[in-house]
file protein_27.pdb (PDB, C-alpha atoms and all ligand atoms)
ATOM      1  CA  MET E 623      14.183   0.223 -96.013
ATOM      2  CA  THR E 624      15.521  -3.211 -96.997
ATOM      3  CA  ALA E 625      13.694  -6.534 -96.926
ATOM      4  CA  ARG E 626      15.631  -7.608 -93.817
ATOM      5  CA  GLU E 627      14.845  -4.361 -91.966
ATOM      6  CA  ALA E 628      11.190  -4.617 -92.925
ATOM      7  CA  LEU E 629      10.999  -8.200 -91.614
ATOM      8  CA  LEU E 630      12.527  -7.129 -88.287
ATOM      9  CA  PHE E 631      10.087  -4.222 -88.073
ATOM     10  CA  GLY E 632       7.116  -6.545 -88.672
ATOM     11  CA  GLY E 633       8.390  -9.123 -86.184
ATOM     12  CA  ARG E 634       8.644  -6.462 -83.468
ATOM     13  CA  LEU E 635       5.149  -5.175 -84.217
ATOM     14  CA  LEU E 636       3.313  -8.516 -84.293
ATOM     15  CA  GLY E 637       5.382 -10.212 -81.602
ATOM     16  CA  GLY E 638       7.443 -13.381 -81.380
ATOM     17  CA  GLY E 639       6.685 -16.592 -83.222
ATOM     18  CA  ARG E 640       4.921 -14.916 -86.128
ATOM     19  CA  GLY E 641       7.863 -14.658 -88.531
ATOM     20  CA  ARG E 642       6.122 -16.711 -91.204
ATOM     21  CA  GLU E 643       3.069 -14.454 -91.179
ATOM     22  CA  VAL E 644       5.256 -11.347 -91.325
ATOM     23  CA  ALA E 645       7.158 -12.746 -94.293
ATOM     24  CA  LEU E 646       3.929 -13.608 -96.131
ATOM     25  CA  ILE E 647       2.510 -10.125 -95.508
ATOM     26  CA  LEU E 648       5.716  -8.488 -96.704
ATOM     27  CA  ALA E 649       6.016 -10.690 -99.784
ATOM     28  CA  GLY E 650       2.350  -9.969-100.591
ATOM     29  CA  ALA E 651       2.861  -6.199-100.223
ATOM     30  CA  CYS E 652       5.907  -6.297-102.514
ATOM     31  CA  ALA E 653       4.325  -8.814-104.928
ATOM     32  CA  TRP E 654       7.503 -10.898-104.555
ATOM     33  CA  PRO E 655       7.839 -14.641-104.066
ATOM     34  CA  VAL E 656       8.478 -15.104-100.353
ATOM     35  CA  GLU E 657      11.903 -16.709-100.959
ATOM     36  CA  ARG E 658      13.207 -13.460-102.404
ATOM     37  CA  LEU E 659      13.039 -11.861 -98.933
ATOM     38  CA  PHE E 660      15.645 -14.340 -97.741
ATOM     39  CA  LEU E 661      17.694 -14.665-100.924
ATOM     40  CA  GLU E 662      18.003 -10.897-101.351
ATOM     41  CA  PRO E 663      17.710  -9.446 -97.821
ATOM     42  CA  SER E 664      19.387  -6.159 -98.814
ATOM     43  CA  ARG E 665      16.959  -5.476-101.626
ATOM     44  CA  PRO E 666      15.210  -2.134-101.018
ATOM     45  CA  LEU E 667      11.408  -1.914-100.870
ATOM     46  CA  GLU E 668       9.466   0.379-103.201
ATOM     47  CA  PRO E 669       7.890   3.187-101.106
ATOM     48  CA  VAL E 670       4.407   2.045-102.145
ATOM     49  CA  ALA E 671       5.159  -1.539-101.030
ATOM     50  CA  TRP E 672       6.439  -0.278 -97.670
ATOM     51  CA  GLU E 673       3.228   1.695 -97.169
ATOM     52  CA  ARG E 674       1.060  -1.292 -98.116
ATOM     53  CA  TYR E 675       3.096  -3.492 -95.787
ATOM     54  CA  ARG E 676       2.711  -1.164 -92.798
ATOM     55  CA  ASP E 677      -0.986  -0.828 -93.488
ATOM     56  CA  ASN E 678      -1.457  -4.619 -93.624
ATOM     57  CA  LEU E 679       0.604  -5.141 -90.470
ATOM     58  CA  LYS E 680      -1.691  -2.717 -88.651
ATOM     59  CA  LYS E 681      -4.759  -4.558 -89.936
ATOM     60  CA  ARG E 682      -3.282  -7.906 -88.908
ATOM     61  CA  PHE E 683      -2.481  -6.496 -85.463
ATOM     62  CA  ALA E 684      -6.133  -5.413 -85.205
ATOM     63  CA  GLY E 685      -7.264  -8.985 -85.988
ATOM     64  CA  VAL E 686      -7.956  -9.034 -89.726
ATOM     65  CA  PRO E 687      -7.438 -12.662 -90.878
ATOM     66  CA  LEU E 688      -4.129 -13.234 -92.635
ATOM     67  CA  GLN E 689      -5.925 -14.816 -95.605
ATOM     68  CA  TYR E 690      -7.912 -11.609 -96.239
ATOM     69  CA  LEU E 691      -4.678  -9.626 -96.328
ATOM     70  CA  LEU E 692      -3.077 -12.097 -98.722
ATOM     71  CA  GLY E 693      -6.300 -12.459-100.725
ATOM     72  CA  GLU E 694      -6.049 -16.237-100.824
ATOM     73  CA  ALA E 695      -6.501 -19.373 -98.774
ATOM     74  CA  GLY E 696      -5.456 -22.961 -99.359
ATOM     75  CA  PHE E 697      -8.206 -25.574 -99.165
ATOM     76  CA  TRP E 698      -7.926 -29.200-100.258
ATOM     77  CA  SER E 699      -5.737 -29.035-103.385
ATOM     78  CA  LEU E 700      -6.974 -25.555-104.290
ATOM     79  CA  SER E 701      -5.784 -22.017-103.821
ATOM     80  CA  LEU E 702      -8.912 -19.910-103.432
ATOM     81  CA  ARG E 703      -9.468 -16.197-103.543
ATOM     82  CA  VAL E 704     -10.916 -14.920-100.270
ATOM     83  CA  ASP E 705     -11.853 -11.501 -98.942
ATOM     84  CA  PRO E 706     -14.245 -10.141 -96.303
ATOM     85  CA  ARG E 707     -17.253 -11.198 -98.400
ATOM     86  CA  VAL E 708     -16.672 -14.857 -97.479
ATOM     87  CA  LEU E 709     -15.707 -17.072 -94.570
ATOM     88  CA  VAL E 710     -12.070 -18.169 -94.617
ATOM     89  CA  PRO E 711     -12.155 -21.922 -95.403
ATOM     90  CA  ARG E 712     -11.115 -23.973 -92.356
ATOM     91  CA  PRO E 713      -8.951 -27.104 -92.403
ATOM     92  CA  GLU E 714     -11.596 -29.058 -90.462
ATOM     93  CA  THR E 715     -14.012 -28.557 -93.365
ATOM     94  CA  GLU E 716     -11.779 -30.881 -95.376
ATOM     95  CA  THR E 717     -13.196 -33.683 -93.171
ATOM     96  CA  LEU E 718     -16.599 -32.905 -94.705
ATOM     97  CA  VAL E 719     -15.137 -33.193 -98.212
ATOM     98  CA  GLU E 720     -13.406 -36.490 -97.342
ATOM     99  CA  THR E 721     -16.676 -37.876 -95.965
ATOM    100  CA  VAL E 722     -18.616 -37.027 -99.122
ATOM    101  CA  LEU E 723     -15.906 -38.492-101.358
ATOM    102  CA  GLU E 724     -15.920 -41.730 -99.398
ATOM    103  CA  LEU E 725     -19.722 -42.001 -99.485
ATOM    104  CA  ALA E 726     -19.961 -41.039-103.161
ATOM    105  CA  ASP E 727     -17.474 -43.706-104.175
ATOM    106  CA  GLY E 728     -19.005 -45.845-106.930
ATOM    107  CA  LEU E 729     -21.876 -43.458-107.755
ATOM    108  CA  GLU E 730     -21.824 -42.597-111.429
ATOM    109  CA  ARG E 731     -23.164 -39.060-111.662
ATOM    110  CA  PRO E 732     -24.136 -37.922-108.185
ATOM    111  CA  ARG E 733     -26.123 -34.721-107.824
ATOM    112  CA  ILE E 734     -24.739 -32.774-104.910
ATOM    113  CA  ALA E 735     -25.853 -29.500-103.321
ATOM    114  CA  ASP E 736     -23.334 -27.395-101.397
ATOM    115  CA  VAL E 737     -25.656 -25.132 -99.435
ATOM    116  CA  GLY E 738     -24.047 -21.908 -98.188
ATOM    117  CA  THR E 739     -21.053 -22.238-100.467
ATOM    118  CA  GLY E 740     -19.220 -19.047 -99.370
ATOM    119  CA  SER E 741     -15.858 -19.059-101.172
ATOM    120  CA  GLY E 742     -17.009 -22.222-102.981
ATOM    121  CA  CYS E 743     -14.444 -24.325-101.145
ATOM    122  CA  ILE E 744     -16.558 -27.450-100.558
ATOM    123  CA  GLY E 745     -18.325 -27.467-103.909
ATOM    124  CA  LEU E 746     -15.125 -26.812-105.835
ATOM    125  CA  ALA E 747     -13.095 -29.463-104.002
ATOM    126  CA  LEU E 748     -15.887 -31.961-104.797
ATOM    127  CA  ALA E 749     -16.114 -30.769-108.395
ATOM    128  CA  VAL E 750     -12.403 -31.314-108.931
ATOM    129  CA  GLU E 751     -12.432 -34.776-107.329
ATOM    130  CA  LEU E 752     -15.721 -35.900-108.900
ATOM    131  CA  PRO E 753     -15.665 -34.597-112.471
ATOM    132  CA  HIS E 754     -18.805 -36.582-113.364
ATOM    133  CA  ALA E 755     -20.833 -35.164-110.476
ATOM    134  CA  ARG E 756     -23.147 -32.185-110.878
ATOM    135  CA  ILE E 757     -22.599 -29.764-108.052
ATOM    136  CA  HIS E 758     -25.222 -27.145-107.210
ATOM    137  CA  ALA E 759     -23.700 -24.466-104.994
ATOM    138  CA  THR E 760     -26.036 -22.007-103.298
ATOM    139  CA  ASP E 761     -25.722 -18.963-101.115
ATOM    140  CA  VAL E 762     -28.083 -16.232 -99.989
ATOM    141  CA  SER E 763     -25.242 -13.712-100.295
ATOM    142  CA  ALA E 764     -24.702 -12.302-103.795
ATOM    143  CA  ASP E 765     -21.279 -11.111-102.627
ATOM    144  CA  ALA E 766     -20.230 -14.617-101.609
ATOM    145  CA  LEU E 767     -21.489 -16.078-104.885
ATOM    146  CA  ALA E 768     -19.400 -13.564-106.830
ATOM    147  CA  VAL E 769     -16.281 -14.820-105.040
ATOM    148  CA  ALA E 770     -17.299 -18.475-105.521
ATOM    149  CA  ARG E 771     -17.878 -17.926-109.252
ATOM    150  CA  GLU E 772     -14.461 -16.339-109.594
ATOM    151  CA  ASN E 773     -12.912 -19.313-107.813
ATOM    152  CA  ALA E 774     -14.771 -21.759-110.049
ATOM    153  CA  ALA E 775     -13.422 -19.997-113.131
ATOM    154  CA  ALA E 776      -9.885 -20.039-111.725
ATOM    155  CA  CYS E 777     -10.158 -23.788-110.980
ATOM    156  CA  GLY E 778     -11.595 -24.470-114.417
ATOM    157  CA  ALA E 779     -14.540 -26.286-112.790
ATOM    158  CA  THR E 780     -17.319 -26.707-115.341
ATOM    159  CA  ASN E 781     -19.557 -29.040-113.315
ATOM    160  CA  VAL E 782     -20.573 -26.485-110.679
ATOM    161  CA  PHE E 783     -23.783 -24.488-111.046
ATOM    162  CA  PHE E 784     -24.475 -21.495-108.818
ATOM    163  CA  HIS E 785     -27.855 -20.474-107.431
ATOM    164  CA  ARG E 786     -28.694 -17.555-105.208
ATOM    165  CA  GLY E 787     -31.395 -17.886-102.572
ATOM    166  CA  ASP E 788     -32.492 -19.116 -99.192
ATOM    167  CA  LEU E 789     -31.054 -22.587 -98.505
ATOM    168  CA  LEU E 790     -32.631 -25.287-100.709
ATOM    169  CA  ALA E 791     -35.275 -22.902-102.072
ATOM    170  CA  ALA E 792     -32.476 -21.538-104.268
ATOM    171  CA  LEU E 793     -32.596 -24.715-106.380
ATOM    172  CA  PRO E 794     -35.037 -25.265-109.253
ATOM    173  CA  ASP E 795     -37.841 -27.650-108.156
ATOM    174  CA  GLU E 796     -36.847 -30.434-110.529
ATOM    175  CA  ILE E 797     -33.415 -30.940-108.952
ATOM    176  CA  LYS E 798     -33.436 -34.004-106.706
ATOM    177  CA  LEU E 799     -30.253 -34.706-104.825
ATOM    178  CA  ASN E 800     -28.090 -37.660-103.912
ATOM    179  CA  PHE E 801     -26.203 -35.495-101.411
ATOM    180  CA  LEU E 802     -27.207 -32.485 -99.371
ATOM    181  CA  VAL E 803     -23.901 -31.063 -98.144
ATOM    182  CA  SER E 804     -23.478 -27.966 -96.011
ATOM    183  CA  ASN E 805     -21.214 -26.177 -93.590
ATOM    184  CA  PRO E 806     -23.957 -23.910 -92.247
ATOM    185  CA  PRO E 807     -23.563 -20.970 -89.881
ATOM    186  CA  TYR E 808     -23.547 -22.611 -86.453
ATOM    187  CA  VAL E 809     -22.507 -20.085 -83.799
ATOM    188  CA  ALA E 810     -25.280 -19.285 -81.292
ATOM    189  CA  THR E 811     -26.208 -15.605 -81.691
ATOM    190  CA  GLY E 812     -25.364 -14.840 -78.065
ATOM    191  CA  ASP E 813     -21.830 -16.222 -78.517
ATOM    192  CA  LEU E 814     -20.973 -13.945 -81.455
ATOM    193  CA  PRO E 815     -19.671 -10.991 -79.386
ATOM    194  CA  GLY E 816     -17.254 -13.304 -77.518
ATOM    195  CA  LEU E 817     -15.588 -14.620 -80.676
ATOM    196  CA  PRO E 818     -11.955 -13.636 -81.336
ATOM    197  CA  PRO E 819     -11.543 -10.462 -83.465
ATOM    198  CA  GLU E 820     -10.323 -12.552 -86.415
ATOM    199  CA  VAL E 821     -13.598 -14.427 -86.538
ATOM    200  CA  ARG E 822     -15.678 -11.299 -85.961
ATOM    201  CA  ALA E 823     -14.028  -9.856 -89.087
ATOM    202  CA  GLU E 824     -15.821 -12.549 -91.117
ATOM    203  CA  PRO E 825     -19.386 -12.053 -92.443
ATOM    204  CA  ARG E 826     -21.982 -12.331 -89.678
ATOM    205  CA  LEU E 827     -24.212 -14.081 -92.185
ATOM    206  CA  ALA E 828     -21.643 -16.895 -92.333
ATOM    207  CA  LEU E 829     -21.533 -17.339 -88.551
ATOM    208  CA  ASP E 830     -24.921 -16.671 -86.958
ATOM    209  CA  GLY E 831     -26.740 -19.946 -86.380
ATOM    210  CA  GLY E 832     -29.657 -18.439 -84.432
ATOM    211  CA  GLY E 833     -30.467 -18.519 -80.715
ATOM    212  CA  ASP E 834     -29.179 -22.058 -80.088
ATOM    213  CA  GLY E 835     -26.852 -22.316 -83.107
ATOM    214  CA  LEU E 836     -29.069 -25.049 -84.604
ATOM    215  CA  TYR E 837     -31.404 -22.991 -86.796
ATOM    216  CA  PHE E 838     -29.852 -24.131 -90.088
ATOM    217  CA  TYR E 839     -29.708 -27.825 -89.134
ATOM    218  CA  ARG E 840     -33.438 -27.733 -88.348
ATOM    219  CA  ARG E 841     -34.237 -26.121 -91.653
ATOM    220  CA  LEU E 842     -31.890 -28.221 -93.785
ATOM    221  CA  LEU E 843     -33.227 -31.478 -92.343
ATOM    222  CA  ALA E 844     -36.846 -30.333 -92.708
ATOM    223  CA  ASP E 845     -36.502 -28.966 -96.262
ATOM    224  CA  GLY E 846     -34.123 -31.732 -97.325
ATOM    225  CA  VAL E 847     -36.754 -34.466 -96.939
ATOM    226  CA  ASP E 848     -38.384 -33.476-100.246
ATOM    227  CA  ARG E 849     -35.126 -32.638-101.998
ATOM    228  CA  VAL E 850     -32.994 -35.663-101.317
ATOM    229  CA  ARG E 851     -33.850 -38.928-103.049
ATOM    230  CA  PRO E 852     -34.658 -41.919-100.830
ATOM    231  CA  GLY E 853     -31.324 -43.506 -99.941
ATOM    232  CA  GLY E 854     -29.560 -40.162-100.439
ATOM    233  CA  LEU E 855     -27.451 -38.529 -97.765
ATOM    234  CA  ALA E 856     -27.193 -35.323 -95.770
ATOM    235  CA  VAL E 857     -23.610 -34.518 -94.758
ATOM    236  CA  LEU E 858     -23.402 -31.502 -92.468
ATOM    237  CA  GLU E 859     -20.483 -29.873 -90.686
ATOM    238  CA  LEU E 860     -20.978 -29.495 -86.923
ATOM    239  CA  GLY E 861     -19.807 -26.908 -84.436
ATOM    240  CA  PHE E 862     -18.043 -28.079 -81.288
ATOM    241  CA  GLY E 863     -20.350 -30.269 -79.182
ATOM    242  CA  GLN E 864     -23.370 -29.992 -81.503
ATOM    243  CA  GLY E 865     -23.469 -33.672 -82.516
ATOM    244  CA  PRO E 866     -25.960 -34.934 -79.908
ATOM    245  CA  ALA E 867     -28.382 -32.036 -80.482
ATOM    246  CA  VAL E 868     -28.258 -32.479 -84.263
ATOM    247  CA  ARG E 869     -28.808 -36.257 -83.908
ATOM    248  CA  GLU E 870     -31.821 -35.451 -81.760
ATOM    249  CA  LEU E 871     -33.258 -33.117 -84.433
ATOM    250  CA  ALA E 872     -33.533 -36.089 -86.786
ATOM    251  CA  ARG E 873     -35.510 -38.236 -84.336
ATOM    252  CA  GLY E 874     -38.920 -39.174 -85.735
ATOM    253  CA  THR E 875     -38.017 -37.924 -89.248
ATOM    254  CA  PRO E 876     -37.063 -39.886 -92.382
ATOM    255  CA  TRP E 877     -33.383 -39.122 -91.603
ATOM    256  CA  ARG E 878     -31.523 -42.093 -90.126
ATOM    257  CA  PRO E 879     -28.181 -41.195 -88.500
ATOM    258  CA  LEU E 880     -25.084 -42.984 -89.798
ATOM    259  CA  PRO E 881     -21.791 -42.783 -87.868
ATOM    260  CA  PHE E 882     -20.722 -39.160 -87.449
ATOM    261  CA  ARG E 883     -17.096 -38.311 -88.305
ATOM    262  CA  ASP E 884     -14.350 -36.707 -86.214
ATOM    263  CA  ASP E 885     -11.900 -34.146 -87.559
ATOM    264  CA  LEU E 886      -8.127 -34.471 -87.191
ATOM    265  CA  ALA E 887      -8.315 -32.930 -83.727
ATOM    266  CA  GLY E 888     -10.678 -35.723 -82.629
ATOM    267  CA  ILE E 889     -13.708 -33.399 -82.467
ATOM    268  CA  GLU E 890     -17.026 -34.739 -83.736
ATOM    269  CA  ARG E 891     -17.268 -32.637 -86.892
ATOM    270  CA  VAL E 892     -19.497 -34.160 -89.561
ATOM    271  CA  ALA E 893     -23.073 -35.374 -89.195
ATOM    272  CA  VAL E 894     -24.252 -37.988 -91.697
ATOM    273  CA  PHE E 895     -27.890 -38.986 -92.229
ATOM    274  CA  ARG E 896     -29.513 -41.303 -94.732
ATOM    275  CA  ARG E 897     -32.897 -40.385 -96.171
ATOM    276  CA  GLU E 898     -35.106 -43.385 -95.585
ATOM    277  CA  PRO E 899     -37.833 -44.157 -98.177
TER
HETATM  278  C1  LIG S 901     -20.203 -21.147 -92.330
HETATM  279  S1  LIG S 901     -20.276 -20.353 -93.904
HETATM  280  C2  LIG S 901     -19.625 -21.652 -94.930
HETATM  281  C3  LIG S 901     -18.959 -21.153 -96.164
HETATM  282  C4  LIG S 901     -18.215 -22.269 -96.931
HETATM  283  N1  LIG S 901     -19.111 -23.310 -97.349
HETATM  284  C5  LIG S 901     -17.114 -22.860 -96.078
HETATM  285  O1  LIG S 901     -17.244 -24.016 -95.639
HETATM  286  O2  LIG S 901     -16.124 -22.159 -95.808
HETATM  287  C6  LIG S 901     -22.008 -20.371 -94.226
HETATM  288  C7  LIG S 901     -22.465 -19.777 -95.554
HETATM  289  O3  LIG S 901     -23.912 -19.856 -95.569
HETATM  290  C8  LIG S 901     -24.429 -18.700 -96.181
HETATM  291  N2  LIG S 901     -25.801 -18.506 -95.727
HETATM  292  C9  LIG S 901     -26.261 -17.942 -94.572
HETATM  293  N3  LIG S 901     -27.604 -17.966 -94.533
HETATM  294  C10 LIG S 901     -28.013 -18.576 -95.672
HETATM  295  C11 LIG S 901     -29.303 -18.906 -96.207
HETATM  296  N4  LIG S 901     -30.424 -18.619 -95.547
HETATM  297  N5  LIG S 901     -29.339 -19.510 -97.413
HETATM  298  C12 LIG S 901     -28.204 -19.811 -98.089
HETATM  299  N6  LIG S 901     -26.967 -19.526 -97.628
HETATM  300  C13 LIG S 901     -26.868 -18.926 -96.432
HETATM  301  C14 LIG S 901     -23.473 -17.581 -95.776
HETATM  302  O4  LIG S 901     -23.559 -16.493 -96.665
HETATM  303  C15 LIG S 901     -22.119 -18.319 -95.800
HETATM  304  O5  LIG S 901     -21.508 -18.180 -97.059
END
call {"tool": "encode", "arguments": {"input": "protein_27.pdb", "output": "C-alpha cells", "more": "lines below"}}
Ligand SMILES: C[S@@+](CC[C@H](N)C(=O)[O-])C[C@H]1O[C@@H](n2cnc3c(N)ncnc32)[C@H](O)[C@@H]1O
result
Amino acid sequence: MTAREALLFGGRLLGGGRGREVALILAGACAWPVERLFLEPSRPLEPVAWERYRDNLKKRFAGVPLQYLLGEAGFWSLSLRVDPRVLVPRPETETLVETVLELADGLERPRIADVGTGSGCIGLALAVELPHARIHATDVSADALAVARENAAACGATNVFFHRGDLLAALPDEIKLNFLVSNPPYVATGDLPGLPPEVRAEPRLALDGGGDGLYFYRRLLADGVDRVRPGGLAVLELGFGQGPAVRELARGTPWRPLPFRDDLAGIERVAVFRREP
C-alpha cells in the first residue's frame, strides 16, 4: 500500500471534502511530516502504520475528535497535547484569552485563576503572554491536571501553579485574585444526549453544567466574591444564548457587569464583571 493509495482509501471511507483530515491521520499514523505524503506518493507504508491508520480512520468515522487521534491541538500560539482526559480547546475560547489580555494591560503582576483548566489552554496562553503574572490553574479532575502539567512543561511555563479541587476551594486561602477566569462546563444536563458524537467523546465532567447549564456560573460568582480583590474581574466563557441569564445571576451582588464580548462568529461569548468594593 502506497501513500497515494492510502489517501484514496481514507477519502472514500470518510467521504468528500475531508482530504486534509485524512492526510493528517495518515501522516500521524506513519509519523511522517504531512508534506511527505505528497512529495513521495509512491512511498510504501509500514504494515504497522497501515494498521494504525485504518484503526484511526474507523475511530474518526465513529466520531472521535481528530485532535484526540493526532494527540495535539493548536490553541493561541501553542501546540497542546490532548487526549480523552480533556476537552479539545475551541477557537472561540481564544476570545476569552484576548479579553483577559486587554483588561490586564498595565497591571504589573496580576494574580489570575484559570478555574477548570482542562488541557491548560487558557492558563498557558496567559502565562506565555503575561510572564510576570502568577497563574493558578485548577481542575477537579486529576487526569486533566496531568495533561495540563505536561503541557506546561512542554511550553516551558514557570509562572503557572496547579491545584486540584472543587472550583475556587482548590486554592490556598491566602490567594486573592485580580482575575477569576473560567470556561466552565455549560451544557444543560438534558441537552447532553443530543450533542454530536464528537462532543460526547469528550469528558462529561467538562460539559455538564447542571439542569439549566448555569450551575458553575452561580457558584463561581458566589464563591468569587471573597476571592477576587475589590476592583478585580471575573471573565467567564458563555455558552450560546447564556449571556442574559448570567447577567441576571449577578443582580444584587457585588459583581457589576461590564460589556460582554462577542466571538469571531458574532456570538456573545465572554461575560465580564467587576467586583465592586
Ligand atoms: C469546559 S471544560 C474547559 C477546559 C479548558 N479550560 C478549555 O477551555 O478548553 C471545563 C473544565 O472544568 C473542570 N471541572 C468540572 N467540574 C469542576 C469543579 N467542580 N471544579 C473544578 N473543575 C471542574 C472539568 O474537568 C474541565 O476540565
call {"tool": "resolve_selection", "arguments": {"input": "protein_27.pdb", "expression": "the PyMOL selection byres (((chain E and resi 766) around 9) and not hetatm)", "output": "list in words"}}
result
Arg707, Val708, Leu709, Gly738, Thr739, Gly740, Ser741, Gly742, Asp761, Val762, Ser763, Ala764, Asp765, Leu767, Ala768, Val769, Ala770 and Arg771 of chain E
call {"tool": "axis_aligned_box", "arguments": {"input": "protein_27.pdb", "around": "ligand LIG 901 (chain S)", "padding_each_side": "3 Å", "output": "AutoDock Vina command-line options"}}
result
--center_x -23.3 --center_y -20.3 --center_z -95.2 --size_x 20.3 --size_y 13.5 --size_z 11.8
call {"tool": "resolve_selection", "arguments": {"input": "protein_27.pdb", "expression": "the PyMOL selection byres (((chain E and resi 631) around 12) and not hetatm)", "output": "PyMOL selection string"}}
result
chain E and resi 623-630+632-638+641+644-645+648+672+675-676+679-680
call {"tool": "closest_residue", "arguments": {"input": "protein_27.pdb", "among": "E:Val719, E:Ala775, E:Ile757, E:Leu843", "to": "ligand LIG 901 (chain S)", "atoms": "all atoms listed in the file"}}
result
E:Val719
call {"tool": "resolve_selection", "arguments": {"input": "protein_27.pdb", "expression": "the PyMOL selection byres (((not hetatm)) within 8 of (chain S and resi 901))", "output": "PyMOL selection string"}}
result
chain E and resi 708-712+715+736-745+760-763+766+786-790+792+804-808+825+827-830+838
call {"tool": "residues_around", "arguments": {"input": "protein_27.pdb", "residues": "Thr780 in chain E", "least_positions_apart": "6", "cutoff": "9 Å", "atoms": "only C-alpha atoms", "output": "count of residues only"}}
result
3
call {"tool": "atom_distance", "arguments": {"input": "protein_27.pdb", "atom1": "CA of Gly778 in chain E", "atom2": "CA of Glu694 in chain E"}}
result
16.8 Å
call {"tool": "atom_distance", "arguments": {"input": "protein_27.pdb", "atom1": "CA of Phe783 in chain E", "atom2": "CA of Glu751 in chain E"}}
result
15.8 Å
call {"tool": "residues_around", "arguments": {"input": "protein_27.pdb", "residues": "Leu855 in chain E", "least_positions_apart": "5", "cutoff": "12 Å", "atoms": "only C-alpha atoms", "output": "PDB file with C-alpha atoms, in the frame of the given file"}}
result
ATOM      1  CA  THR E 721     -16.676 -37.876 -95.965  1.00  0.00           C
ATOM      2  CA  VAL E 722     -18.616 -37.027 -99.122  1.00  0.00           C
ATOM      3  CA  LEU E 725     -19.722 -42.001 -99.485  1.00  0.00           C
ATOM      4  CA  ALA E 726     -19.961 -41.039-103.161  1.00  0.00           C
ATOM      5  CA  PRO E 732     -24.136 -37.922-108.185  1.00  0.00           C
ATOM      6  CA  ARG E 733     -26.123 -34.721-107.824  1.00  0.00           C
ATOM      7  CA  ILE E 734     -24.739 -32.774-104.910  1.00  0.00           C
ATOM      8  CA  ALA E 735     -25.853 -29.500-103.321  1.00  0.00           C
ATOM      9  CA  LYS E 798     -33.436 -34.004-106.706  1.00  0.00           C
ATOM     10  CA  LEU E 799     -30.253 -34.706-104.825  1.00  0.00           C
ATOM     11  CA  ASN E 800     -28.090 -37.660-103.912  1.00  0.00           C
ATOM     12  CA  PHE E 801     -26.203 -35.495-101.411  1.00  0.00           C
ATOM     13  CA  LEU E 802     -27.207 -32.485 -99.371  1.00  0.00           C
ATOM     14  CA  VAL E 803     -23.901 -31.063 -98.144  1.00  0.00           C
ATOM     15  CA  SER E 804     -23.478 -27.966 -96.011  1.00  0.00           C
ATOM     16  CA  LEU E 842     -31.890 -28.221 -93.785  1.00  0.00           C
ATOM     17  CA  LEU E 843     -33.227 -31.478 -92.343  1.00  0.00           C
ATOM     18  CA  GLY E 846     -34.123 -31.732 -97.325  1.00  0.00           C
ATOM     19  CA  VAL E 847     -36.754 -34.466 -96.939  1.00  0.00           C
ATOM     20  CA  ARG E 849     -35.126 -32.638-101.998  1.00  0.00           C
ATOM     21  CA  VAL E 850     -32.994 -35.663-101.317  1.00  0.00           C
ATOM     22  CA  PRO E 876     -37.063 -39.886 -92.382  1.00  0.00           C
ATOM     23  CA  TRP E 877     -33.383 -39.122 -91.603  1.00  0.00           C
ATOM     24  CA  ARG E 878     -31.523 -42.093 -90.126  1.00  0.00           C
ATOM     25  CA  PRO E 879     -28.181 -41.195 -88.500  1.00  0.00           C
ATOM     26  CA  LEU E 880     -25.084 -42.984 -89.798  1.00  0.00           C
ATOM     27  CA  ALA E 893     -23.073 -35.374 -89.195  1.00  0.00           C
ATOM     28  CA  VAL E 894     -24.252 -37.988 -91.697  1.00  0.00           C
ATOM     29  CA  PHE E 895     -27.890 -38.986 -92.229  1.00  0.00           C
ATOM     30  CA  ARG E 896     -29.513 -41.303 -94.732  1.00  0.00           C
ATOM     31  CA  ARG E 897     -32.897 -40.385 -96.171  1.00  0.00           C
ATOM     32  CA  GLU E 898     -35.106 -43.385 -95.585  1.00  0.00           C
ATOM     33  CA  PRO E 899     -37.833 -44.157 -98.177  1.00  0.00           C
TER      34      PRO E 899
END
call {"tool": "closest_residue", "arguments": {"input": "protein_27.pdb", "among": "E:Leu718, E:Leu729, E:Leu793, E:Ala776", "to": "Phe882 in chain E", "atoms": "only C-alpha atoms"}}
result
E:Leu718
call {"tool": "decode", "arguments": {"input": "protein_27.pdb", "residues": "range 773-779 of chain E", "atoms": "N, CA, C and O atoms", "output": "PDB file, in the first residue's frame"}}
result
ATOM      1  N   ASN E 773       1.581  19.837  29.479  1.00  0.00           N
ATOM      2  CA  ASN E 773       1.588  20.951  28.523  1.00  0.00           C
ATOM      3  C   ASN E 773       2.396  22.129  29.058  1.00  0.00           C
ATOM      4  O   ASN E 773       3.097  22.796  28.300  1.00  0.00           O
ATOM      5  N   ALA E 774       2.287  22.375  30.358  1.00  0.00           N
ATOM      6  CA  ALA E 774       3.052  23.486  30.946  1.00  0.00           C
ATOM      7  C   ALA E 774       4.545  23.214  30.793  1.00  0.00           C
ATOM      8  O   ALA E 774       5.321  24.114  30.443  1.00  0.00           O
ATOM      9  N   ALA E 775       4.946  21.970  31.023  1.00  0.00           N
ATOM     10  CA  ALA E 775       6.369  21.637  30.906  1.00  0.00           C
ATOM     11  C   ALA E 775       6.820  21.820  29.456  1.00  0.00           C
ATOM     12  O   ALA E 775       7.887  22.380  29.192  1.00  0.00           O
ATOM     13  N   ALA E 776       5.973  21.381  28.518  1.00  0.00           N
ATOM     14  CA  ALA E 776       6.351  21.490  27.102  1.00  0.00           C
ATOM     15  C   ALA E 776       6.452  22.951  26.664  1.00  0.00           C
ATOM     16  O   ALA E 776       7.261  23.282  25.796  1.00  0.00           O
ATOM     17  N   CYS E 777       5.607  23.810  27.262  1.00  0.00           N
ATOM     18  CA  CYS E 777       5.651  25.251  26.897  1.00  0.00           C
ATOM     19  C   CYS E 777       6.749  25.975  27.658  1.00  0.00           C
ATOM     20  O   CYS E 777       6.972  27.165  27.406  1.00  0.00           O
ATOM     21  N   GLY E 778       7.325  25.334  28.635  1.00  0.00           N
ATOM     22  CA  GLY E 778       8.343  25.996  29.454  1.00  0.00           C
ATOM     23  C   GLY E 778       7.748  27.077  30.351  1.00  0.00           C
ATOM     24  O   GLY E 778       8.459  27.997  30.758  1.00  0.00           O
ATOM     25  N   ALA E 779       6.447  26.957  30.670  1.00  0.00           N
ATOM     26  CA  ALA E 779       5.800  27.980  31.507  1.00  0.00           C
ATOM     27  C   ALA E 779       6.160  27.723  32.969  1.00  0.00           C
ATOM     28  O   ALA E 779       5.882  26.643  33.497  1.00  0.00           O
TER      29      ALA E 779
END
